[in-house]
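Peer 1: Got a file for you: upload_32.txt, compact mmCIF, C-alpha atoms.
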# COMPACT_ATOMS: atom_id res chain seq x y z
CA MET A 1 27.45 -41.60 -22.63
CA PRO A 2 23.81 -41.31 -21.42
CA GLU A 3 25.08 -40.71 -17.87
CA ASN A 4 27.06 -37.66 -19.05
CA GLU A 5 24.04 -36.34 -20.91
CA GLN A 6 21.89 -36.85 -17.84
CA SER A 7 24.40 -35.08 -15.60
CA VAL A 8 24.65 -32.15 -18.03
CA ALA A 9 20.86 -31.94 -18.09
CA ASN A 10 20.81 -31.98 -14.30
CA LEU A 11 23.43 -29.24 -14.17
CA VAL A 12 21.45 -27.08 -16.58
CA ARG A 13 18.22 -27.68 -14.66
CA ASP A 14 19.93 -26.87 -11.35
CA ALA A 15 21.46 -23.73 -12.84
CA LEU A 16 18.08 -22.59 -14.13
CA ARG A 17 16.50 -23.25 -10.75
CA ASP A 18 19.26 -21.22 -9.07
CA VAL A 19 18.71 -18.35 -11.49
CA GLN A 20 14.96 -18.44 -10.78
CA ASP A 21 15.58 -18.37 -7.04
CA LEU A 22 18.01 -15.50 -7.50
CA VAL A 23 15.52 -13.48 -9.55
CA ARG A 24 12.76 -14.09 -7.00
CA ALA A 25 15.03 -12.98 -4.17
CA GLU A 26 16.03 -9.83 -6.07
CA ILE A 27 12.38 -8.98 -6.73
CA ALA A 28 11.52 -9.42 -3.05
CA LEU A 29 14.45 -7.22 -2.04
CA ALA A 30 13.49 -4.56 -4.58
CA ARG A 31 9.91 -4.48 -3.25
CA ALA A 32 11.11 -4.04 0.32
CA GLU A 33 13.49 -1.27 -0.68
CA VAL A 34 10.85 0.54 -2.72
CA ARG A 35 8.59 0.60 0.34
CA GLU A 36 11.39 1.86 2.60
CA GLU A 37 12.64 4.53 0.21
CA GLY A 38 9.05 5.49 -0.57
CA ARG A 39 8.53 6.52 3.04
CA ARG A 40 11.60 8.75 2.96
CA LEU A 41 10.59 10.25 -0.36
CA THR A 42 7.07 10.92 0.96
CA MET A 43 8.43 12.89 3.91
CA ALA A 44 10.71 14.94 1.65
CA ILE A 45 7.82 15.67 -0.72
CA VAL A 46 5.56 16.72 2.18
CA LEU A 47 8.20 19.15 3.47
CA LEU A 48 8.76 20.57 0.00
CA GLY A 49 4.99 20.97 -0.36
CA VAL A 50 4.83 22.84 2.94
CA ALA A 51 7.65 25.07 1.73
CA ALA A 52 5.84 25.78 -1.53
CA VAL A 53 2.54 26.64 0.18
CA ALA A 54 4.29 28.83 2.74
CA ALA A 55 6.20 30.61 -0.01
CA LEU A 56 2.97 31.26 -1.92
CA VAL A 57 1.33 32.68 1.20
CA ALA A 58 4.41 34.81 1.85
CA VAL A 59 4.42 36.15 -1.68
CA GLY A 60 0.73 37.02 -1.34
CA LEU A 61 1.23 38.74 1.99
CA LEU A 62 4.33 40.59 0.81
CA GLY A 63 2.46 41.63 -2.31
CA ALA A 64 -0.41 42.97 -0.22
CA ALA A 65 2.10 44.73 2.01
CA ALA A 66 3.79 46.33 -0.97
CA ALA A 67 0.43 47.50 -2.29
CA TRP A 68 -0.49 49.01 1.05
CA GLY A 69 3.00 50.49 1.29
CA VAL A 70 2.80 52.21 -2.03
CA ALA A 71 -0.69 53.48 -1.18
CA ALA A 72 0.26 54.75 2.22
CA LEU A 73 3.74 55.83 1.09
CA PHE A 74 5.74 55.96 4.28
CA VAL A 75 2.87 56.51 6.68
CA TRP A 76 3.44 53.06 8.29
CA PRO A 77 0.01 51.73 9.38
CA PRO A 78 -1.46 48.41 8.18
CA TRP A 79 1.05 47.31 5.62
CA ALA A 80 3.89 47.14 8.17
CA GLY A 81 2.02 44.34 9.91
CA TYR A 82 1.46 42.54 6.61
CA ALA A 83 5.15 42.86 5.76
CA LEU A 84 6.21 41.50 9.12
CA VAL A 85 3.85 38.50 8.87
CA GLY A 86 4.96 37.90 5.27
CA ALA A 87 8.61 37.89 6.31
CA VAL A 88 7.90 35.37 9.09
CA VAL A 89 6.00 33.08 6.68
CA LEU A 90 8.82 33.38 4.16
CA LEU A 91 11.33 32.40 6.85
CA ALA A 92 9.20 29.32 7.65
CA ALA A 93 9.16 28.45 3.93
CA VAL A 94 12.94 28.69 3.73
CA VAL A 95 13.40 26.46 6.79
CA ALA A 96 10.94 23.83 5.47
CA GLY A 97 12.56 23.96 2.02
CA VAL A 98 16.05 23.43 3.43
CA LEU A 99 14.86 20.52 5.60
CA GLY A 100 13.00 18.92 2.70
CA ARG A 101 15.96 19.27 0.34
CA ARG A 102 18.29 17.81 2.96
CA ARG A 103 16.04 14.74 3.29
CA LEU A 104 15.65 14.42 -0.47
CA VAL A 105 19.43 14.32 -0.97
CA HIS A 106 19.68 11.26 1.32
CA VAL A 107 17.18 9.20 -0.68
CA ARG A 108 19.15 6.50 -2.51
CA PRO A 109 16.96 4.30 -4.70
CA LEU A 110 17.25 0.55 -4.09
CA PRO A 111 20.74 0.51 -2.53
CA ARG A 112 20.77 -3.10 -1.38
CA THR A 113 19.23 -4.37 -4.60
CA ILE A 114 21.89 -2.63 -6.68
CA ASP A 115 24.66 -3.97 -4.45
CA THR A 116 23.39 -7.55 -4.58
CA LEU A 117 22.86 -7.36 -8.34
CA LYS A 118 26.52 -6.40 -8.70
CA GLU A 119 27.52 -9.30 -6.47
CA HIS A 120 25.38 -11.71 -8.49
CA ALA A 121 26.85 -10.45 -11.75
CA GLN A 122 30.34 -11.06 -10.40
CA TRP A 123 29.35 -14.54 -9.25
CA ILE A 124 27.90 -15.37 -12.68
CA ARG A 125 31.08 -14.11 -14.38
CA ARG A 126 33.20 -16.32 -12.13
CA GLN A 127 31.01 -19.34 -12.83
CA THR A 128 31.10 -18.86 -16.59
CA SER A 129 34.83 -18.17 -16.90
Rewrite the structure from the file as structure tokens, please.

Peer 2:
Amino acid sequence: MPENEQSVANLVRDALRDVQDLVRAEIALARAEVREEGRRLTMAIVLLGVAAVAALVAVGLLGAAAAWGVAALFVWPPWAGYALVGAVVLLAAVVAGVLGRRRLVHVRPLPRTIDTLKEHAQWIRRQTS
């Protein structure tokens, strides 16, 4: 009987060691994925920031143009230039916003970690059934 108890104890110890190794591997994978996805997220955030700043500048310029336009009321001098520059800056903001959003959509948090966790859960279910 002591041999059976010893073998059960060994099995439990081995199982616990395997679980520890599995958890360590998952943590290492999660760290690597966080770094990788962090770079993608940073680029998307930078582009969205550029879009926001450009949109603010455009709104300011278009506001100044509207003020000049109302003041000059159809006599076309300075405000036409402000309006043109504002429209160009707004176009740049739209392009940067679209590019940033497109990159942001492709950010998938921890894809390999999630996949391997599912695989490990299936393996554990098979071992316990």

Peer 1: Near stretch 96-110 of chain A, within 12 Å and counting only C-alpha atoms, which residues show up once chain neighbours fewer than 3 positions away are dropped, as JSON, numbers by chain?

Peer 2: {"A": [26, 27, 28, 29, 30, 31, 32, 33, 34, 35, 36, 37, 38, 39, 40, 41, 42, 43, 44, 45, 46, 47, 48, 49, 50, 51, 52, 53, 54, 55, 89, 90, 91, 92, 93, 113, 114, 115, 116, 117]}

Peer 1: Name all residues at most 12 Å from A:Gly63 (count all atoms listed in the file; drop same-chain ones fewer than 2 positions away) and give them as a compact mmCIF listing (two decimals) with C-alpha atoms, in the frame of the given file.

Peer 2:
# COMPACT_ATOMS: atom_id res chain seq x y z
CA ALA A 55 6.20 30.61 -0.01
CA LEU A 56 2.97 31.26 -1.92
CA VAL A 57 1.33 32.68 1.20
CA ALA A 58 4.41 34.81 1.85
CA VAL A 59 4.42 36.15 -1.68
CA GLY A 60 0.73 37.02 -1.34
CA LEU A 61 1.23 38.74 1.99
CA ALA A 65 2.10 44.73 2.01
CA ALA A 66 3.79 46.33 -0.97
CA ALA A 67 0.43 47.50 -2.29
CA TRP A 68 -0.49 49.01 1.05
CA GLY A 69 3.00 50.49 1.29
CA VAL A 70 2.80 52.21 -2.03
CA TRP A 79 1.05 47.31 5.62
CA ALA A 80 3.89 47.14 8.17
CA TYR A 82 1.46 42.54 6.61
CA ALA A 83 5.15 42.86 5.76
CA VAL A 85 3.85 38.50 8.87
CA GLY A 86 4.96 37.90 5.27
CA ALA A 87 8.61 37.89 6.31

Peer 1: Report, in Å to a single decimal, how far apart atom CA of A:Arg112 and atom CA of A:Asp21 are.

Peer 2: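 Taking atom CA of A:Asp21 as the start and atom CA of A:Arg112 as the end point, the length is 17.1 Å.
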
Peer 1: Could you check how far atom CA of A:Asp14 sits from atom CA of A:Gln127, in Å to one decimal?

Peer 2: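 Separation of atom CA of A:Asp14 and atom CA of A:Gln127: 13.5 Å.
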
Peer 1: Please, what distance in Å, to one decimal, runs between atom CA of A:Ile124 and atom CA of A:Ser7?

Peer 2: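 Rounded to one decimal, the two atoms are 20.2 Å apart.
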
Peer 1: Enclose stretch 100-107 of chain A, meaning all of its atoms listed in the file, in a box aligned along x, y and z, pad it by 3 Å on each side, and list the centre and edge lengths in Å to one decimal, as AutoDock Vina command-line options.

Peer 2:
--center_x 16.3 --center_y 14.2 --center_z 1.2 --size_x 12.7 --size_y 16.1 --size_z 10.3

Peer 1: Quick one: of A:Ala72, A:Ser129, A:His120, A:Val12, who's nearest to A:Ala25, counting all atoms listed in the file?

Peer 2: A:His120
